[in-house]
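K.L.:
I'd like to ask some things about the structure below.
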Amino acid sequence: MSAIELEHTAGNSDRTPADAPHGVNPELSIEHVSREFTAPDGSIVHALSDVSLSIFPGELVSIIGPSGCGKTTLLRLIAGLDKPQDGTLSLAGEPIEGPNPKRGYVFQQGSLFPWLTVEENIAFGLKAQGIYRERKADVARYIDMVGLRGFEQAYPHQISGGMAQRVAIARALIDHPDVLLLDEPMGALDSFTRADLQDRLLDIWEQYHMTMILVTHDVDEAIYLGSRVVIMTPRPGRIKEIVPIALDARDRVSDEFAAYRKQLLKKLHFDAHEVHAGNSAAVAASVQEPATVSGWDTAKKED
Amino acid sequence: MSSLITDLTVPPAVRADRLARANASGANTRGGEAGSRRVFVLPYPLTVVFTIGGFLIAELVSVFFPQIAPVTFTEGELWIFLLTGQEAYRGLLVILAIAYALAGIVDLRSAQKRAYYRSRAPFRFAMGIALALWDIAGTKLQTLPQPFFPGPAKVLEAFVTDGGYIVLNTLYSTRLFIAGFIVGVVLGVVTGVLIGWFDKAYYWVFPVLKITGVIPSVAWMPFALTLMPTPFAAAVFLLVIASWFPVAFLTAQGIKSTPKMLVEAARTLGASTPYILFHVAIPNATPSIFTGIGMANSLSFLTLVISEMMGQPGGLGYYIDQAKAWSSYYKILAAIVVMAILFSLIMKIIEVVRGRVLRWQKGLVR
Ligand SMILES: Nc1ncnc2c1ncn2[C@@H]1O[C@H](COP(=O)(O)OP(=O)(O)O)[C@@H](O)[C@H]1O
Ligand SMILES: [Mg+2]
């Protein structure tokens, strides 16, 4: 990808559903969605304000932004765990009314049932829907898929954080979701475990041609996994920009990867003086370009 | 077996030396005896001798220590045997020694079992010594105030002379406990789940539960005795109240403390609300439910004994009350021994059930 093309995509901030990069109907439509909360002190928090986003079948979209910009709120709305005050959300033309196994959800951590074994956790959805008997054999297949054979009988507290997240992913996938929603699923993992899980996720995505939405606070992760990166800003929570990623190869140390990283960091840096200190530190942690780092450091000191 | 006992004939000084070595080696051999520090380890056969040594010393004390205080033993019928409390005591010591010796032989199988047997040896030895001292202070010299603290032989005489009656009263207590405790726990779990799950039930019932629950259930005894058709039903009623409150309270708390994330995870996996209640909220509450059952258990023992001492036609509490009227303190002690055994047994059963149900917690807590 040339620098000119990069410039072009960087300027592309139009995100109406009609502006489909694939030229197909969106699978997931989010139109003019707003969600506000009342904070404990009685003030109104605009977690999401007039957010529109279209996601196309088989896409892997990363959502990145400082903490408190409404990423989780947006994902919960898509999952049907929460309802917007304004706007509509629909999956394949059907309005989203409540939670459904068609929209799998992977929490950041600690969402496994501690009293169930790895195997029982993965089978939970099948049992809850009363289809365990017919699909019993799938459980072993999904255990294999996330590489947990031999740990079927382990309880969640007996396995590592990375393994627990793989269980959470298998547990969501066994319901054959159309969309997999991942809310910082690797946020609590060390970088080795994280890289391993990223590749597993890519394998699954390629194998099943599945739509995935991944919330992250890691710039590298957003670029590495996403076919588009949605940048969000807080107070009120909005989509600032959508950056399409067209990497020839998924290579974390390639020049074009570095170019994307620089571009994204610049965009995030643009709002750095508004960014919460805790989150800017998290984004800065993934910065490797010295020029950009200094900018972030200043921002942190000012905060 | 016999060779083990002949080993006992070594002089006390040598034995004491060996005992000291056994105690010192206890710390070194934790986790098995496969270690290389052989020098400090008491050979296993001697550990067995040490274990039963306490009981054998107690036996020797009972047989050879001069009987200074004037004590008379009465013969009683135990099953097909006609014997006095003292004979029963001596017999019991021999049985204990044989049992622990056999256990030592059975535990020979694995290193782990041997290590466990070793670790219990000092305590078992001390039990025998304690019996010997009690025998001297309670029977031989009677330095303990009489008739309040008779020796072990006299306590056993209660079983020999009054065994059938004690068994009858033990059965009465057991029946009463099972009826009251089980009904109370079941009711407690059901109401606790309702209160914890339905906000309306929480609003209306929880405050009532909080106020009535702190009243010791025996306070209701006058009402229970007049309003219930039989004294037995009255005591069951009191036991139900005693065990219902802590179980309901802690079950409600356990249900309420279900993490929102787990409920939401279940929803995204297609679980209905009733499914979430039974497969998320209730499993989440089980540790708390068992805490409640544990509290209910000890409150029930208390309620059981107190209500039996006041207006029951039977039971161990009733037996104690009767014995007190005749100043037969050795019978009271006998009833207390039975209670200790019975209640420990019940607690053990609950613990085993708890361990089974909460085996997912193993390694997570403590
Ligand atoms: N249930 C809630 N009640 C009150 N405020 C909330 C609630 N959920 C989210 N918020 C607020 O909405 C904003 C966005 O939150 P969130 O979506 O969790 O951000 P992110 O996931 O990007 O860190 C934050 O300011 C947060 O405090
Ligand atoms: Mg979040």
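Chain labels run A, B, ... following the order of the structure tokens; each chain numbers its residues from 1, and ligands are numbered from 1 in the order shown.
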Select, as an mmCIF file with C-alpha atoms, in the first residue's frame, those residues of chain B with any atom no more than 6 Å from chain A (distances computed using only C-alpha atoms).
P.N.:
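The resulting file, part-v3.cif, is reproduced below:
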```
data_model
loop_
_atom_site.group_PDB
_atom_site.id
_atom_site.type_symbol
_atom_site.label_atom_id
_atom_site.label_comp_id
_atom_site.auth_asym_id
_atom_site.auth_seq_id
_atom_site.Cartn_x
_atom_site.Cartn_y
_atom_site.Cartn_z
ATOM 1 C CA LEU B 262 -22.591 -14.240 34.834
ATOM 2 C CA ARG B 267 -28.489 -14.498 28.575
ATOM 3 C CA THR B 268 -26.210 -14.118 25.566
ATOM 4 C CA LEU B 269 -25.935 -17.928 25.526
ATOM 5 C CA GLY B 270 -29.700 -18.254 25.177
ATOM 6 C CA ALA B 271 -30.686 -19.041 28.782
ATOM 7 C CA TRP B 360 -15.384 -27.005 42.259
#
```
K.L.:
Go through the chains and note each residue within 7 Å of ligand 2, using only C-alpha atoms and all ligand atoms, then give the set as a short mmCIF file (atom, residue, chain, number, x, y, z; two decimals) with N, CA and C atoms, in the first residue's frame.
P.N.:
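Saved as part_13.cif:
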```cif
data_model
loop_
_atom_site.label_atom_id
_atom_site.label_comp_id
_atom_site.auth_asym_id
_atom_site.auth_seq_id
_atom_site.Cartn_x
_atom_site.Cartn_y
_atom_site.Cartn_z
N SER A 67 -10.59 4.98 27.41
CA SER A 67 -11.61 4.39 28.28
C SER A 67 -12.69 5.41 28.58
N GLY A 68 -13.91 4.96 28.61
CA GLY A 68 -15.03 5.84 28.87
C GLY A 68 -15.63 6.44 27.62
N LYS A 71 -17.24 2.32 24.25
CA LYS A 71 -17.02 1.08 23.50
C LYS A 71 -17.87 -0.07 24.05
N THR A 72 -17.79 -0.25 25.36
CA THR A 72 -18.56 -1.33 25.98
C THR A 72 -20.06 -1.08 25.83
N ASP A 183 -15.27 -7.91 23.89
CA ASP A 183 -14.98 -6.68 24.63
C ASP A 183 -13.64 -6.81 25.35
#
```
K.L.:
Give as a VMD selection string the residues surrounding ligand 1 up to a distance of 12 Å, considering only C-alpha atoms and all ligand atoms.
P.N.:
(chain A and resid 34 to 49 63 to 77 81 to 84 107 to 108 182 to 184 187 214 to 217 231 to 239 275 to 276 278 to 279 282) or (chain B and resid 260)
K.L.:
Mind writing the picked residues with C-alpha atoms as a short mmCIF file (atom, residue, chain, number, x, y, z; two decimals), in the first residue's frame?
P.N.:
```
data_model
loop_
_atom_site.label_atom_id
_atom_site.label_comp_id
_atom_site.auth_asym_id
_atom_site.auth_seq_id
_atom_site.Cartn_x
_atom_site.Cartn_y
_atom_site.Cartn_z
CA SER A 34 -27.63 7.45 21.59
CA ARG A 35 -27.35 6.13 25.11
CA GLU A 36 -26.98 8.22 28.23
CA PHE A 37 -26.59 7.24 31.85
CA THR A 38 -27.24 9.08 35.07
CA ALA A 39 -24.04 9.20 37.08
CA PRO A 40 -24.22 8.66 40.86
CA ASP A 41 -23.96 12.44 41.38
CA GLY A 42 -27.06 12.95 39.22
CA SER A 43 -25.27 14.34 36.16
CA ILE A 44 -25.96 12.93 32.70
CA VAL A 45 -23.19 10.92 31.00
CA HIS A 46 -23.47 10.81 27.21
CA ALA A 47 -21.96 7.36 26.77
CA LEU A 48 -22.97 7.30 23.09
CA SER A 49 -24.19 10.22 21.07
CA ILE A 63 -13.04 -0.51 17.84
CA ILE A 64 -10.42 1.56 19.62
CA GLY A 65 -10.60 4.61 21.85
CA PRO A 66 -9.78 5.87 25.32
CA SER A 67 -11.61 4.39 28.28
CA GLY A 68 -15.03 5.84 28.87
CA CYS A 69 -15.70 6.59 25.20
CA GLY A 70 -18.61 4.17 25.08
CA LYS A 71 -17.02 1.08 23.50
CA THR A 72 -18.56 -1.33 25.98
CA THR A 73 -21.86 0.52 25.85
CA LEU A 74 -21.94 0.11 22.06
CA LEU A 75 -21.10 -3.59 22.24
CA ARG A 76 -23.76 -4.18 24.91
CA LEU A 77 -26.34 -2.49 22.71
CA LEU A 81 -27.93 -6.48 26.91
CA ASP A 82 -28.91 -2.81 26.94
CA LYS A 83 -31.31 -0.59 25.00
CA PRO A 84 -30.59 2.77 23.34
CA PHE A 107 -16.37 -10.47 28.21
CA GLN A 108 -13.00 -9.04 29.20
CA LEU A 182 -15.42 -9.29 21.91
CA ASP A 183 -14.98 -6.68 24.63
CA GLU A 184 -11.24 -6.34 25.27
CA GLY A 187 -6.95 -6.85 27.93
CA LEU A 214 -13.40 -6.48 18.64
CA VAL A 215 -13.10 -3.74 21.24
CA THR A 216 -9.50 -3.09 22.23
CA HIS A 217 -7.28 -0.43 23.71
CA ILE A 231 -11.77 5.24 16.36
CA MET A 232 -14.02 6.56 19.11
CA THR A 233 -13.76 9.68 21.27
CA PRO A 234 -15.34 10.31 24.68
CA ARG A 235 -17.67 12.90 26.23
CA PRO A 236 -19.90 12.49 24.32
CA GLY A 237 -19.05 9.04 22.95
CA ARG A 238 -18.81 9.34 19.19
CA ILE A 239 -17.17 7.66 16.23
CA VAL A 275 -7.78 11.73 27.12
CA HIS A 276 -7.94 10.21 30.56
CA GLY A 278 -5.08 5.89 32.69
CA ASN A 279 -6.04 5.17 29.15
CA ALA A 282 -2.46 2.02 28.07
CA LYS B 260 -24.31 -9.44 36.88
#
```
K.L.:
At a cut-off of 6 Å, using only C-alpha atoms, what residues contact Thr84 in chain B? Leave out same-chain residues fewer than 5 positions from it and give the result as number ranges by chain.
P.N.:
B: 73-76
K.L.:
Keeping only all heavy atoms, take the residues you just selected and write them out as an mmCIF file, in the first residue's frame.
P.N.:
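Written output follows (selection_0.cif):
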```cif
data_model
loop_
_atom_site.group_PDB
_atom_site.id
_atom_site.type_symbol
_atom_site.label_atom_id
_atom_site.label_comp_id
_atom_site.auth_asym_id
_atom_site.auth_seq_id
_atom_site.Cartn_x
_atom_site.Cartn_y
_atom_site.Cartn_z
ATOM 1 N N PHE B 73 -18.210 -50.418 92.166
ATOM 2 C CA PHE B 73 -18.714 -50.581 90.801
ATOM 3 C C PHE B 73 -19.877 -51.554 90.804
ATOM 4 O O PHE B 73 -19.876 -52.540 91.537
ATOM 5 C CB PHE B 73 -17.604 -51.097 89.888
ATOM 6 C CG PHE B 73 -16.561 -50.057 89.603
ATOM 7 C CD1 PHE B 73 -15.334 -50.088 90.248
ATOM 8 C CD2 PHE B 73 -16.820 -49.033 88.698
ATOM 9 C CE1 PHE B 73 -14.380 -49.124 89.999
ATOM 10 C CE2 PHE B 73 -15.862 -48.069 88.450
ATOM 11 C CZ PHE B 73 -14.638 -48.112 89.099
ATOM 12 N N THR B 74 -20.878 -51.246 90.013
ATOM 13 C CA THR B 74 -22.059 -52.096 89.925
ATOM 14 C C THR B 74 -22.013 -52.862 88.620
ATOM 15 O O THR B 74 -21.611 -52.303 87.595
ATOM 16 C CB THR B 74 -23.346 -51.253 89.959
ATOM 17 O OG1 THR B 74 -23.133 -50.170 90.865
ATOM 18 C CG2 THR B 74 -24.539 -52.084 90.398
ATOM 19 N N GLU B 75 -22.444 -54.094 88.668
ATOM 20 C CA GLU B 75 -22.481 -54.890 87.443
ATOM 21 C C GLU B 75 -23.698 -54.517 86.612
ATOM 22 O O GLU B 75 -24.765 -54.238 87.133
ATOM 23 C CB GLU B 75 -22.538 -56.387 87.788
ATOM 24 C CG GLU B 75 -21.201 -57.045 87.621
ATOM 25 C CD GLU B 75 -21.284 -58.545 87.730
ATOM 26 O OE1 GLU B 75 -22.369 -59.068 88.017
ATOM 27 O OE2 GLU B 75 -20.258 -59.199 87.524
ATOM 28 N N GLY B 76 -23.499 -54.524 85.329
ATOM 29 C CA GLY B 76 -24.623 -54.254 84.444
ATOM 30 C C GLY B 76 -24.541 -55.187 83.252
ATOM 31 O O GLY B 76 -23.538 -55.902 83.071
#
```
K.L.:
Need to verify the contact set: range 243-258 of chain A, 7 Å, only C-alpha atoms, exclusion of same-chain residues closer than 4 positions in sequence. Can you return it as a list in words?
P.N.:
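Using only C-alpha atoms, the neighbours found are Thr9, Ala10, Ile223, Tyr224, Gly226, Ser227, Arg228, Val229, Val230 and Lys262 of chain A.
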K.L.:
Set the distance at 9 Å and use only C-alpha atoms: which residues neighbour range 309-313 of chain B once local chain neighbours fewer than 2 positions away are removed? I'd like the list as a list of chain:residue names.
P.N.:
B:Met221, B:Leu225, B:Pro231, B:Phe232, B:Ala235, B:Leu304, B:Val305, B:Ile306, B:Ser307, B:Gly315, B:Leu316, B:Gly317, B:Tyr318, B:Tyr319, B:Ile320, B:Asp321, B:Gln322
K.L.:
Using DSSP on the backbone coordinates, identify all residues within range 183-237 of chain B classified as alpha helix (DSSP H); present the result as a CSV table (one decimal) with N, CA and C atoms, in the first residue's frame.
P.N.:
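Just written: result_2.csv:
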```csv
chain,number,residue,atom,x,y,z
B,183,VAL,N,-36.6,-30.3,57.6
B,183,VAL,CA,-37.7,-29.4,57.2
B,183,VAL,C,-37.2,-27.9,57.2
B,184,GLY,N,-36.5,-27.5,58.3
B,184,GLY,CA,-36.0,-26.2,58.4
B,184,GLY,C,-35.1,-25.8,57.2
B,185,VAL,N,-34.2,-26.7,56.9
B,185,VAL,CA,-33.2,-26.3,55.8
B,185,VAL,C,-33.9,-26.2,54.5
B,186,VAL,N,-34.8,-27.2,54.2
B,186,VAL,CA,-35.6,-27.1,52.9
B,186,VAL,C,-36.4,-25.9,52.8
B,187,LEU,N,-37.1,-25.6,53.9
B,187,LEU,CA,-37.9,-24.3,53.9
B,187,LEU,C,-37.0,-23.1,53.8
B,188,GLY,N,-35.9,-23.1,54.4
B,188,GLY,CA,-34.9,-22.0,54.4
B,188,GLY,C,-34.4,-21.8,53.0
B,189,VAL,N,-34.0,-22.9,52.3
B,189,VAL,CA,-33.5,-22.7,50.9
B,189,VAL,C,-34.6,-22.2,50.0
B,190,VAL,N,-35.8,-22.7,50.2
B,190,VAL,CA,-36.9,-22.3,49.3
B,190,VAL,C,-37.3,-20.8,49.5
B,191,THR,N,-37.5,-20.4,50.8
B,191,THR,CA,-37.8,-19.0,51.0
B,191,THR,C,-36.6,-18.1,50.7
B,192,GLY,N,-35.4,-18.6,51.0
B,192,GLY,CA,-34.2,-17.8,50.6
B,192,GLY,C,-34.1,-17.5,49.1
B,193,VAL,N,-34.4,-18.5,48.3
B,193,VAL,CA,-34.3,-18.3,46.9
B,193,VAL,C,-35.4,-17.3,46.4
B,194,LEU,N,-36.6,-17.5,47.0
B,194,LEU,CA,-37.7,-16.6,46.6
B,194,LEU,C,-37.3,-15.1,47.0
B,195,ILE,N,-36.8,-15.0,48.2
B,195,ILE,CA,-36.5,-13.6,48.7
B,195,ILE,C,-35.3,-13.0,47.9
B,196,GLY,N,-34.3,-13.8,47.6
B,196,GLY,CA,-33.2,-13.3,46.8
B,196,GLY,C,-33.5,-13.1,45.4
B,197,TRP,N,-34.5,-13.8,44.8
B,197,TRP,CA,-34.7,-13.7,43.4
B,197,TRP,C,-35.8,-12.6,43.0
B,199,ASP,N,-37.7,-9.3,43.7
B,199,ASP,CA,-37.6,-8.0,44.5
B,199,ASP,C,-38.8,-7.8,45.4
B,200,LYS,N,-40.0,-8.1,45.0
B,200,LYS,CA,-41.2,-7.9,45.8
B,200,LYS,C,-41.0,-8.7,47.1
B,201,ALA,N,-40.6,-10.0,47.0
B,201,ALA,CA,-40.5,-10.9,48.1
B,201,ALA,C,-39.4,-10.3,49.0
B,202,TYR,N,-38.3,-9.8,48.4
B,202,TYR,CA,-37.2,-9.2,49.2
B,202,TYR,C,-37.8,-8.0,50.0
B,203,TYR,N,-38.5,-7.2,49.4
B,203,TYR,CA,-39.0,-6.0,50.0
B,203,TYR,C,-39.9,-6.3,51.2
B,204,TRP,N,-40.8,-7.3,51.0
B,204,TRP,CA,-41.8,-7.5,52.1
B,204,TRP,C,-41.3,-8.5,53.1
B,205,VAL,N,-40.6,-9.5,52.7
B,205,VAL,CA,-40.2,-10.6,53.7
B,205,VAL,C,-38.9,-10.4,54.4
B,206,PHE,N,-37.9,-9.9,53.7
B,206,PHE,CA,-36.6,-9.8,54.2
B,206,PHE,C,-36.5,-9.0,55.6
B,207,PRO,N,-37.2,-7.9,55.7
B,207,PRO,CA,-37.2,-7.1,57.0
B,207,PRO,C,-37.8,-8.0,58.1
B,208,VAL,N,-38.8,-8.7,57.8
B,208,VAL,CA,-39.5,-9.6,58.8
B,208,VAL,C,-38.5,-10.7,59.2
B,209,LEU,N,-37.9,-11.2,58.2
B,209,LEU,CA,-36.9,-12.3,58.5
B,209,LEU,C,-35.8,-11.8,59.4
B,210,LYS,N,-35.3,-10.6,59.1
B,210,LYS,CA,-34.2,-10.0,59.8
B,210,LYS,C,-34.5,-9.8,61.3
B,211,ILE,N,-35.8,-9.4,61.6
B,211,ILE,CA,-36.2,-9.1,62.9
B,211,ILE,C,-36.5,-10.4,63.7
B,212,THR,N,-37.3,-11.2,63.1
B,212,THR,CA,-37.7,-12.5,63.8
B,212,THR,C,-36.6,-13.4,63.9
B,213,GLY,N,-35.6,-13.3,63.0
B,213,GLY,CA,-34.6,-14.3,62.9
B,213,GLY,C,-33.6,-14.2,64.1
B,221,MET,N,-40.9,-21.3,72.9
B,221,MET,CA,-41.3,-22.6,73.4
B,221,MET,C,-42.7,-22.6,74.1
B,222,PRO,N,-43.0,-21.6,75.0
B,222,PRO,CA,-44.3,-21.7,75.6
B,222,PRO,C,-45.5,-21.7,74.5
B,223,PHE,N,-45.3,-20.9,73.5
B,223,PHE,CA,-46.3,-21.0,72.4
B,223,PHE,C,-46.3,-22.3,71.7
B,224,ALA,N,-45.2,-22.8,71.4
B,224,ALA,CA,-45.1,-24.1,70.7
B,224,ALA,C,-45.7,-25.2,71.6
B,225,LEU,N,-45.4,-25.2,72.8
B,225,LEU,CA,-45.9,-26.3,73.7
B,225,LEU,C,-47.5,-26.2,73.8
B,226,THR,N,-48.0,-25.0,73.8
B,226,THR,CA,-49.5,-25.0,74.0
B,226,THR,C,-50.2,-25.1,72.6
B,227,LEU,N,-49.6,-24.6,71.5
B,227,LEU,CA,-50.3,-24.6,70.3
B,227,LEU,C,-50.1,-25.9,69.5
B,231,PRO,N,-45.8,-32.7,72.3
B,231,PRO,CA,-44.5,-32.1,72.6
B,231,PRO,C,-43.5,-32.3,71.5
B,232,PHE,N,-43.6,-33.5,70.8
B,232,PHE,CA,-42.6,-33.8,69.7
B,232,PHE,C,-42.8,-32.7,68.6
B,233,ALA,N,-44.1,-32.5,68.3
B,233,ALA,CA,-44.4,-31.5,67.2
B,233,ALA,C,-43.9,-30.1,67.6
B,234,ALA,N,-44.0,-29.8,68.9
B,234,ALA,CA,-43.6,-28.5,69.4
B,234,ALA,C,-42.1,-28.4,69.2
B,235,ALA,N,-41.3,-29.4,69.6
B,235,ALA,CA,-39.9,-29.3,69.5
B,235,ALA,C,-39.4,-29.3,68.0
B,236,VAL,N,-40.1,-30.0,67.1
B,236,VAL,CA,-39.8,-30.0,65.7
B,236,VAL,C,-40.0,-28.5,65.2
B,237,PHE,N,-41.1,-27.9,65.6
B,237,PHE,CA,-41.4,-26.6,65.3
B,237,PHE,C,-40.3,-25.6,65.6
```
